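First comes the structure, then the notes that go with it.
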2 protein chains.
Amino acid sequence: MATGRTHRPATRSRGIPEATVARLPLYLRALTALSERSVPTVSSEELAAAAGVNSAKLRKDFSYLGSYGTRGVGYDVEYLVYQISRELGLTQDWPVVIVGIGNLGAALANYGGFASRGFRVAALIDADPGLTGKPVAGIPVQHTDDLEKIIKDDRVSIGVIATPAGAAQQVCDRLVAAGVTSILNFAPTVLSVPDGVDVRKVDLSIELQILAFHEQRKSGEETAAGDGGKAAAVTPRDDADQGPDGDVPAVMPA
Amino acid sequence: MATGRTHRPATRSRGIPEATVARLPLYLRALTALSERSVPTVSSEELAAAAGVNSAKLRKDFSYLGSYGTRGVGYDVEYLVYQISRELGLTQDWPVVIVGIGNLGAALANYGGFASRGFRVAALIDADPGLTGKPVAGIPVQHTDDLEKIIKDDRVSIGVIATPAGAAQQVCDRLVAAGVTSILNFAPTVLSVPDGVDVRKVDLSIELQILAFHEQRKSGEETAAGDGGKAAAVTPRDDADQGPDGDVPAVMPA
DNA sequence: ATGTCTTTGTGAACGCGTGCACAAAGATGG
DNA sequence: CCATCTTTGTGCACGCGTTCACAAAGACAT
């Protein structure tokens with residue numbers, strides 16, 4: 001088995017690669033859909049197609065969990081649903097707090113995907129006193145002053161930050177100090193946290209910018225007139241030493 | 001990250017690595033902040049710290065764009081802001097449509113991060129006739145029937161899907177047929193699109209599940225986790241009334 | 001039982017991304 | 001002009017993730 005002993009700090013306590021973990025929820029969703037249609041078994045090929053991945057990758061992913069398939073037949077849907085759920089820790093209840101109840105926070109509070117997967121919105125928290133007590137998604141908003149008490153009383157270990165960027169780090173610090181060890185950050189800021197605390201970031205603006213990059217590539221040199229002169233010289237030259245135009249005066253200050 | 005079904009063999013023949021592209025917006029944000037504080041130059045070390053990455057990685061990333069730094073000094077902030085913006089295609093205006101104006105769609109429409117980068121919300125679209133004409137974020141919602149016309153009239157190439165999962169594929173097909181070639185998908189579904197169309201996926205539920213996995217690791221190292229009696233307390237699947245996230249409206253009409 | 005057929009599980013090769021470490025390039029001071 | 005100092009740009013090595021290709025394992029028919 002693991003002949004090479006990996007005495008690496010954290011991150012890989014138990015063998016399952018991070019990339020695999022990130023795909024498990026995807027498989028779980030596809031399997032749940034199959035389960036509802038009462039499909040008893042599924043092959044790696046079929047499931048991979050449903051999840052939008054390569055079948056070899058899927059099999060290798062599952063191999064990290066154990067040998068849950070039957071050769072010549074496929075995987076038992078119900079059994080696999082349970083195994084993945086357990087591996088992801090979804091067989092237990094995870095109380096979650098959402099901090100920052102603006103448009104996004106409210107959308108998150110209403111998001112159905114939470115409850116259906118073992119996540120429970122334990123509290124909604126906002127700094128605006130005007131919101132305090134007002135119900136959002138059936139849950140009364142509480143004031144930031146009570147943040148520490150809420151975290152501790154409900155033993156919340158997962159926090160969602162949906163505040164403006166300026167408040168994010170401060171909220172983060174308070175969450176961590178109160179005992180939260182996993183944070184899902186929607187604010188466009190890089191959060192700094194102590195070791196042992198996990199942060200995942202969701203940034204709408206970044207996703208769009210990545211799309212814009214590829215979009216620009218696709219549109220090639222057409223460049224439907226951006227801002228006239230310097231507008232994206234694009235330089236489709238894909239040869240070795242690309243100096244991407246490099247000499248566009250533009251904002252060259254110094 | 002799992003995008004949909006869009007495999008690009010490589011960005012052109014001689015392109016910027018995907019991992020680098022994904023970090024450019026991060027650098028851009030840090031640089032913009034420096035620019036606002038009128039900082040003239042910045043070293044790779046400082047900028048890397050601000051962006052939360054390794055300085056060697058940052059330098060290598062920039063090296064793909066060209067040699068924009070000055071040895072012994074660092075990078076000119078303004079100049080770099082422009083170069084990255086241009087590389088990402090942000091020097092031109094990108095009209096964007098948001099389909100599905102529930103809580104999430106409304107949050108997106110109000111999101112300031114769009115306008116500040118070259119993205120302009122060209123239209124909000126929803127299938128609910130009751131919403132038609134109602135302004136959200138100052139923009140009147142239009143009905144799905146007019147989707148094709150809107151896309152074509154405004155030459156929209158980027159679409160954001162914030163509908164319930166059940167409607168996502170259909171909306172996607174219509175967007176693509178009308179000319180959209182980049183899609184940001186918030187619905188918990190794997191979209192299938194023809195070649196040449198980019199899909200990026202943002203899935204709140206998946207992010208939380210990944211956090212739960214690590215959380216379980218952290219808290220339950222000695223919790224056998226074997227499928228002994230303890231885990232049996234939780235029935236793997238019994239959400240008969242509450243379907244999976246796919247059936248729960250990801251967004252509700254505001 | 002035996003042979004055939006299907007599908008899993010995985011060894012191995014490959015490619016990409018990351019981080020180290022250092023030489024080259026330019027600034028700065030004498 | 002030369003020496004020294006700072007910081008970039010990158011060659012290189014390493015590890016992770018992906019993919020191929022196939023042997024092993026079981027189902028099923030005869």
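Residues in the structure tokens are named by chain (A, B, ... in the order shown) and by number from 1 within that chain; ligands are numbered from 1 in the order shown.
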Within 10 Å of DT10 in chain C, counting only C-alpha atoms (C1' of nucleotides), which residues qualify if same-chain residues fewer than 6 places away don't, as a JSON list (two decimals) with N, CA, C and O atoms (P, O5', C5', C4', C3', O3' and C1' of nucleotides), in the first residue's frame?
```
[["chain", "number", "residue", "atom", "x", "y", "z"],
["A", 59, "ARG", "N", -13.51, 6.60, -11.96],
["A", 59, "ARG", "CA", -13.15, 5.33, -11.33],
["A", 59, "ARG", "C", -11.99, 5.51, -10.37],
["A", 59, "ARG", "O", -11.97, 4.95, -9.28],
["A", 60, "LYS", "N", -11.02, 6.30, -10.79],
["A", 60, "LYS", "CA", -9.88, 6.54, -9.92],
["A", 60, "LYS", "C", -10.31, 7.29, -8.66],
["A", 60, "LYS", "O", -9.85, 6.99, -7.57],
["A", 63, "SER", "N", -11.84, 4.93, -6.40],
["A", 63, "SER", "CA", -10.87, 3.97, -5.87],
["A", 63, "SER", "C", -10.23, 4.50, -4.59],
["A", 63, "SER", "O", -9.76, 3.72, -3.76],
["D", 22, "DC", "P", -3.11, -2.27, -24.02],
["D", 22, "DC", "O5'", -3.14, -3.34, -22.85],
["D", 22, "DC", "C5'", -2.33, -3.14, -21.69],
["D", 22, "DC", "C4'", -2.95, -3.79, -20.48],
["D", 22, "DC", "C3'", -3.75, -5.06, -20.79],
["D", 22, "DC", "O3'", -3.50, -6.02, -19.79],
["D", 22, "DC", "C1'", -5.07, -3.60, -19.56],
["D", 23, "DA", "P", -3.16, -7.54, -20.24],
["D", 23, "DA", "O5'", -2.95, -8.25, -18.82],
["D", 23, "DA", "C5'", -2.22, -7.57, -17.80],
["D", 23, "DA", "C4'", -2.97, -7.61, -16.49],
["D", 23, "DA", "C3'", -3.57, -8.97, -16.14],
["D", 23, "DA", "O3'", -3.42, -9.20, -14.75],
["D", 23, "DA", "C1'", -5.29, -7.37, -16.22]]
```
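Overlaying chain A on chain B with a least-squares fit of every Cα atom yields 9.5 Å as the RMSD.
If you take only C-alpha atoms (C1' of nucleotides) and a cut-off of 9 Å, the residues of chain D that reach chain B are DC5, DT6, DT7, DT8, DG9 and DT10 of chain D.
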Residues from last step as file, N, CA and C atoms (P, O5', C5', C4', C3', O3' and C1' of nucleotides), as a PDB file, in the first residue's frame:
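Okay, this is what ended up in result05.pdb:
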```pdb
ATOM      1  P    DC D   5      26.762  45.324  -0.767  1.00  0.00           P
ATOM      2  O5'  DC D   5      25.264  45.848  -0.703  1.00  0.00           O
ATOM      3  C5'  DC D   5      24.947  47.178  -1.150  1.00  0.00           C
ATOM      4  C4'  DC D   5      23.584  47.187  -1.829  1.00  0.00           C
ATOM      5  C3'  DC D   5      22.681  46.026  -1.421  1.00  0.00           C
ATOM      6  O3'  DC D   5      21.391  46.523  -1.125  1.00  0.00           O
ATOM      7  C1'  DC D   5      22.829  46.144  -3.763  1.00  0.00           C
ATOM      8  P    DT D   6      20.327  45.555  -0.386  1.00  0.00           P
ATOM      9  O5'  DT D   6      19.119  45.590  -1.418  1.00  0.00           O
ATOM     10  C5'  DT D   6      18.698  46.834  -1.977  1.00  0.00           C
ATOM     11  C4'  DT D   6      17.897  46.588  -3.230  1.00  0.00           C
ATOM     12  C3'  DT D   6      16.789  45.538  -3.070  1.00  0.00           C
ATOM     13  O3'  DT D   6      15.573  46.109  -3.515  1.00  0.00           O
ATOM     14  C1'  DT D   6      18.102  45.085  -5.001  1.00  0.00           C
ATOM     15  P    DT D   7      14.178  45.453  -3.118  1.00  0.00           P
ATOM     16  O5'  DT D   7      13.772  44.735  -4.472  1.00  0.00           O
ATOM     17  C5'  DT D   7      13.694  45.517  -5.652  1.00  0.00           C
ATOM     18  C4'  DT D   7      13.629  44.597  -6.846  1.00  0.00           C
ATOM     19  C3'  DT D   7      12.663  43.414  -6.692  1.00  0.00           C
ATOM     20  O3'  DT D   7      11.800  43.400  -7.809  1.00  0.00           O
ATOM     21  C1'  DT D   7      14.728  42.691  -7.523  1.00  0.00           C
ATOM     22  P    DT D   8      10.632  42.322  -7.963  1.00  0.00           P
ATOM     23  O5'  DT D   8      10.863  41.931  -9.484  1.00  0.00           O
ATOM     24  C5'  DT D   8      11.084  42.968 -10.428  1.00  0.00           C
ATOM     25  C4'  DT D   8      11.900  42.451 -11.581  1.00  0.00           C
ATOM     26  C3'  DT D   8      11.201  41.380 -12.415  1.00  0.00           C
ATOM     27  O3'  DT D   8      11.361  41.681 -13.797  1.00  0.00           O
ATOM     28  C1'  DT D   8      13.300  40.574 -11.657  1.00  0.00           C
ATOM     29  P    DG D   9      10.326  41.083 -14.854  1.00  0.00           P
ATOM     30  O5'  DG D   9      11.081  39.759 -15.308  1.00  0.00           O
ATOM     31  C5'  DG D   9      12.265  39.888 -16.081  1.00  0.00           C
ATOM     32  C4'  DG D   9      12.904  38.528 -16.289  1.00  0.00           C
ATOM     33  C3'  DG D   9      11.979  37.429 -16.807  1.00  0.00           C
ATOM     34  O3'  DG D   9      12.702  36.704 -17.786  1.00  0.00           O
ATOM     35  C1'  DG D   9      13.014  36.690 -14.834  1.00  0.00           C
ATOM     36  P    DT D  10      12.013  35.612 -18.680  1.00  0.00           P
ATOM     37  O5'  DT D  10      12.681  34.257 -18.157  1.00  0.00           O
ATOM     38  C5'  DT D  10      14.082  34.196 -17.993  1.00  0.00           C
ATOM     39  C4'  DT D  10      14.464  32.869 -17.345  1.00  0.00           C
ATOM     40  C3'  DT D  10      13.603  31.661 -17.728  1.00  0.00           C
ATOM     41  O3'  DT D  10      14.433  30.527 -17.801  1.00  0.00           O
ATOM     42  C1'  DT D  10      13.657  31.844 -15.433  1.00  0.00           C
TER      43       DT D  10
END
```
Original post:
Where does DSSP see helix (DSSP H, G or I) in range 19-192 of chain A, if you list the residues as a PyMOL selection string?
Top reply: chain A and resi 19-36+44-51+55-65+77-88+103-110+112-115+144-153+165-178
**OP:** Excluding DT30 in chain D and residues on its chain fewer than 4 positions from it, collect all residues at most 12 Å away from it, counting only C-alpha atoms (C1' of nucleotides), and give them as a VMD selection string.
**Re:** chain C and resid 1 to 4
Would you list the contacts of range 12-16 of chain C as an mmCIF file with all heavy atoms, in the first residue's frame, taking every protein, DNA or RNA residue within 10 Å and counting only C-alpha atoms (C1' of nucleotides), but skipping same-chain residues closer than 3 positions in sequence?
```
data_model
loop_
_atom_site.group_PDB
_atom_site.id
_atom_site.type_symbol
_atom_site.label_atom_id
_atom_site.label_comp_id
_atom_site.auth_asym_id
_atom_site.auth_seq_id
_atom_site.Cartn_x
_atom_site.Cartn_y
_atom_site.Cartn_z
ATOM 1 N N PRO B 17 -1.074 30.115 -19.339
ATOM 2 C CA PRO B 17 -1.641 28.968 -18.620
ATOM 3 C C PRO B 17 -2.944 29.340 -17.932
ATOM 4 O O PRO B 17 -3.102 30.449 -17.418
ATOM 5 C CB PRO B 17 -0.557 28.625 -17.600
ATOM 6 C CG PRO B 17 0.710 29.146 -18.188
ATOM 7 C CD PRO B 17 0.319 30.363 -18.971
ATOM 8 N N GLU B 18 -3.831 28.391 -17.918
ATOM 9 C CA GLU B 18 -5.138 28.610 -17.316
ATOM 10 C C GLU B 18 -5.020 29.046 -15.858
ATOM 11 O O GLU B 18 -5.748 29.925 -15.389
ATOM 12 C CB GLU B 18 -5.951 27.325 -17.423
ATOM 13 C CG GLU B 18 -7.437 27.477 -17.212
ATOM 14 C CD GLU B 18 -8.059 28.504 -18.143
ATOM 15 O OE1 GLU B 18 -7.579 28.637 -19.290
ATOM 16 O OE2 GLU B 18 -9.014 29.176 -17.711
ATOM 17 N N ALA B 19 -4.101 28.426 -15.139
ATOM 18 C CA ALA B 19 -3.932 28.757 -13.723
ATOM 19 C C ALA B 19 -3.505 30.210 -13.555
ATOM 20 O O ALA B 19 -3.896 30.882 -12.598
ATOM 21 C CB ALA B 19 -2.903 27.827 -13.083
ATOM 22 P P DC D 16 2.317 15.172 -3.933
ATOM 23 O OP1 DC D 16 2.057 15.411 -2.503
ATOM 24 O OP2 DC D 16 2.681 13.833 -4.427
ATOM 25 O "O5'" DC D 16 1.054 15.703 -4.755
ATOM 26 C "C5'" DC D 16 0.878 17.111 -4.930
ATOM 27 C "C4'" DC D 16 -0.003 17.354 -6.127
ATOM 28 O "O4'" DC D 16 0.752 17.137 -7.341
ATOM 29 C "C3'" DC D 16 -1.213 16.429 -6.199
ATOM 30 O "O3'" DC D 16 -2.361 17.219 -6.425
ATOM 31 C "C2'" DC D 16 -0.898 15.483 -7.350
ATOM 32 C "C1'" DC D 16 0.013 16.325 -8.224
ATOM 33 N N1 DC D 16 1.000 15.565 -9.031
ATOM 34 C C2 DC D 16 1.105 15.811 -10.409
ATOM 35 O O2 DC D 16 0.347 16.633 -10.931
ATOM 36 N N3 DC D 16 2.033 15.128 -11.129
ATOM 37 C C4 DC D 16 2.830 14.243 -10.531
ATOM 38 N N4 DC D 16 3.722 13.596 -11.284
ATOM 39 C C5 DC D 16 2.740 13.979 -9.122
ATOM 40 C C6 DC D 16 1.819 14.656 -8.417
ATOM 41 P P DG D 17 -3.793 16.569 -6.401
ATOM 42 O OP1 DG D 17 -4.725 17.566 -5.850
ATOM 43 O OP2 DG D 17 -3.670 15.231 -5.806
ATOM 44 O "O5'" DG D 17 -4.089 16.405 -7.958
ATOM 45 C "C5'" DG D 17 -4.067 17.565 -8.775
ATOM 46 C "C4'" DG D 17 -4.306 17.173 -10.205
ATOM 47 O "O4'" DG D 17 -3.153 16.462 -10.714
ATOM 48 C "C3'" DG D 17 -5.497 16.245 -10.421
ATOM 49 O "O3'" DG D 17 -6.215 16.725 -11.542
ATOM 50 C "C2'" DG D 17 -4.860 14.884 -10.666
ATOM 51 C "C1'" DG D 17 -3.567 15.278 -11.359
ATOM 52 N N9 DG D 17 -2.466 14.333 -11.251
ATOM 53 C C8 DG D 17 -2.038 13.667 -10.131
ATOM 54 N N7 DG D 17 -1.010 12.893 -10.346
ATOM 55 C C5 DG D 17 -0.728 13.077 -11.695
ATOM 56 C C6 DG D 17 0.291 12.504 -12.500
ATOM 57 O O6 DG D 17 1.176 11.706 -12.179
ATOM 58 N N1 DG D 17 0.201 12.950 -13.820
ATOM 59 C C2 DG D 17 -0.734 13.837 -14.295
ATOM 60 N N2 DG D 17 -0.659 14.146 -15.586
ATOM 61 N N3 DG D 17 -1.682 14.378 -13.543
ATOM 62 C C4 DG D 17 -1.627 13.954 -12.262
ATOM 63 P P DT D 18 -7.565 16.028 -12.017
ATOM 64 O OP1 DT D 18 -8.527 17.127 -12.152
ATOM 65 O OP2 DT D 18 -7.859 14.878 -11.133
ATOM 66 O "O5'" DT D 18 -7.216 15.471 -13.470
ATOM 67 C "C5'" DT D 18 -6.323 16.213 -14.286
ATOM 68 C "C4'" DT D 18 -5.966 15.422 -15.518
ATOM 69 O "O4'" DT D 18 -4.831 14.564 -15.242
ATOM 70 C "C3'" DT D 18 -7.058 14.508 -16.057
ATOM 71 O "O3'" DT D 18 -7.134 14.660 -17.471
ATOM 72 C "C2'" DT D 18 -6.611 13.113 -15.643
ATOM 73 C "C1'" DT D 18 -5.090 13.253 -15.690
ATOM 74 N N1 DT D 18 -4.323 12.338 -14.808
ATOM 75 C C2 DT D 18 -3.222 11.694 -15.329
ATOM 76 O O2 DT D 18 -2.862 11.828 -16.480
ATOM 77 N N3 DT D 18 -2.559 10.890 -14.435
ATOM 78 C C4 DT D 18 -2.874 10.668 -13.110
ATOM 79 O O4 DT D 18 -2.200 9.921 -12.409
ATOM 80 C C5 DT D 18 -4.048 11.378 -12.633
ATOM 81 C C7 DT D 18 -4.486 11.206 -11.210
ATOM 82 C C6 DT D 18 -4.702 12.169 -13.494
ATOM 83 P P DT D 19 -8.408 14.128 -18.272
ATOM 84 O OP1 DT D 19 -8.786 15.163 -19.234
ATOM 85 O OP2 DT D 19 -9.386 13.588 -17.305
ATOM 86 O "O5'" DT D 19 -7.785 12.904 -19.071
ATOM 87 C "C5'" DT D 19 -6.570 13.094 -19.785
ATOM 88 C "C4'" DT D 19 -5.958 11.747 -20.117
ATOM 89 O "O4'" DT D 19 -5.298 11.208 -18.951
ATOM 90 C "C3'" DT D 19 -6.972 10.686 -20.568
ATOM 91 O "O3'" DT D 19 -6.713 10.357 -21.924
ATOM 92 C "C2'" DT D 19 -6.753 9.509 -19.597
ATOM 93 C "C1'" DT D 19 -5.367 9.803 -19.017
ATOM 94 N N1 DT D 19 -5.155 9.280 -17.641
ATOM 95 C C2 DT D 19 -3.996 8.591 -17.355
ATOM 96 O O2 DT D 19 -3.141 8.386 -18.182
ATOM 97 N N3 DT D 19 -3.900 8.166 -16.060
ATOM 98 C C4 DT D 19 -4.818 8.344 -15.043
ATOM 99 O O4 DT D 19 -4.615 7.912 -13.913
ATOM 100 C C5 DT D 19 -6.010 9.078 -15.409
ATOM 101 C C7 DT D 19 -7.072 9.340 -14.392
ATOM 102 C C6 DT D 19 -6.118 9.502 -16.675
ATOM 103 P P DC D 20 -7.545 9.229 -22.665
ATOM 104 O OP1 DC D 20 -7.811 9.743 -24.023
ATOM 105 O OP2 DC D 20 -8.666 8.777 -21.823
ATOM 106 O "O5'" DC D 20 -6.481 8.044 -22.766
ATOM 107 C "C5'" DC D 20 -5.123 8.354 -23.026
ATOM 108 C "C4'" DC D 20 -4.260 7.109 -22.907
ATOM 109 O "O4'" DC D 20 -4.039 6.801 -21.511
ATOM 110 C "C3'" DC D 20 -4.869 5.850 -23.522
ATOM 111 O "O3'" DC D 20 -3.852 5.133 -24.206
ATOM 112 C "C2'" DC D 20 -5.407 5.086 -22.314
ATOM 113 C "C1'" DC D 20 -4.395 5.461 -21.242
ATOM 114 N N1 DC D 20 -4.928 5.426 -19.855
ATOM 115 C C2 DC D 20 -4.169 4.809 -18.843
ATOM 116 O O2 DC D 20 -3.087 4.299 -19.121
ATOM 117 N N3 DC D 20 -4.669 4.799 -17.584
ATOM 118 C C4 DC D 20 -5.846 5.365 -17.319
ATOM 119 N N4 DC D 20 -6.283 5.322 -16.063
ATOM 120 C C5 DC D 20 -6.629 5.988 -18.340
ATOM 121 C C6 DC D 20 -6.132 5.993 -19.584
ATOM 122 P P DA D 21 -4.213 4.095 -25.342
ATOM 123 O OP1 DA D 21 -3.247 4.257 -26.450
ATOM 124 O OP2 DA D 21 -5.661 4.131 -25.593
ATOM 125 O "O5'" DA D 21 -3.881 2.729 -24.606
ATOM 126 C "C5'" DA D 21 -2.721 2.644 -23.789
ATOM 127 C "C4'" DA D 21 -2.818 1.426 -22.892
ATOM 128 O "O4'" DA D 21 -3.544 1.765 -21.684
ATOM 129 C "C3'" DA D 21 -3.574 0.244 -23.518
ATOM 130 O "O3'" DA D 21 -2.900 -0.934 -23.186
ATOM 131 C "C2'" DA D 21 -4.945 0.316 -22.862
ATOM 132 C "C1'" DA D 21 -4.556 0.790 -21.473
ATOM 133 N N9 DA D 21 -5.634 1.422 -20.697
ATOM 134 C C8 DA D 21 -6.716 2.106 -21.171
ATOM 135 N N7 DA D 21 -7.512 2.557 -20.228
ATOM 136 C C5 DA D 21 -6.908 2.152 -19.061
ATOM 137 C C6 DA D 21 -7.254 2.314 -17.708
ATOM 138 N N6 DA D 21 -8.345 2.963 -17.288
ATOM 139 N N1 DA D 21 -6.422 1.768 -16.788
ATOM 140 C C2 DA D 21 -5.336 1.105 -17.205
ATOM 141 N N3 DA D 21 -4.899 0.888 -18.437
ATOM 142 C C4 DA D 21 -5.743 1.442 -19.330
#
```
**OP:** Compute the set of chain C residues within 8 Å of chain A, using only C-alpha atoms (C1' of nucleotides), and express it as an NGL selection string.
**Re:** :C and (6-10)
Atoms to include: C-alpha atoms (C1' of nucleotides). Write the selected residues as a compact mmCIF listing (two decimals), in the first residue's frame.
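That gives us selection.txt:
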```txt
# COMPACT_ATOMS: atom_id res chain seq x y z
C1' DT C 6 -18.67 -6.60 -19.30
C1' DT C 7 -16.84 -3.33 -16.24
C1' DT C 8 -13.98 -2.22 -12.48
C1' DG C 9 -9.57 -0.99 -10.37
C1' DT C 10 -4.94 0.48 -11.13
```
Subject >> Test item, strand (DSSP E or B) assignment across range 34-221 of chain B, answer as a ChimeraX atom specification >> reply: /B:41-42,69-70,74-76,94-99,102,119-126,135-136,139-143,158-161,182-185,198-201
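With only C-alpha atoms as the atoms that count, the residue of B:Ala123, B:Ile210, B:Val39, B:Ile101 with the shortest distance to chain A is B:Ile210.
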Subject >> Distance query DT18 in chain C at most 12 Å, only C-alpha atoms (C1' of nucleotides), self and fewer than 6 positions along chain excluded, as number ranges by chain >> reply: B: 19-20, 53-58, 60-61; D: 12-16
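One distance worth recording is that between CA of Gln92 in chain B and CA of Ala187 in chain A, which is 24.9 Å.
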**OP:** Can you pull out every residue within 12 Å of Cys172 in chain B, counting only C-alpha atoms (C1' of nucleotides), but drop anything in the same chain fewer than 2 positions away, and send it as a ChimeraX atom specification?
**Re:** /B:4,97-100,147-148,158-163,165-170,174-187,189-194,197-199
Original post:
Given the choices B:Thr132, B:Ser35, B:Gln142, B:Gln83, which gets closest to chain A if the distance is worked out from only C-alpha atoms?
Top reply: B:Gln83
**OP:** Find, counting only C-alpha atoms, the residue in A:Val141, A:Leu31, A:Asp203, A:Phe213 that gets nearest to chain B.
**Re:** A:Phe213
Subject >> Best match for closeness to chain A among B:Asp195, B:Asp154, B:Asp146, B:Glu215, counting only C-alpha atoms >> reply: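 Of B:Asp195, B:Asp154, B:Asp146, B:Glu215, the one nearest chain A, counting only C-alpha atoms, is B:Glu215.
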**OP:** For Ala115 in chain B, list every protein, DNA or RNA residue within 10 Å, evaluated using only C-alpha atoms (C1' of nucleotides), and leave out those in the same chain fewer than 6 positions away; present the list as a PyMOL selection string.
**Re:** (chain A and resi 205) or (chain B and resi 93-94+109+121)
Original post:
Any idea what the distance is between CA of Leu90 in chain B and CA of His214 in chain A?
Top reply: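 We find that CA of Leu90 in chain B and CA of His214 in chain A lie 11.5 Å from each other.
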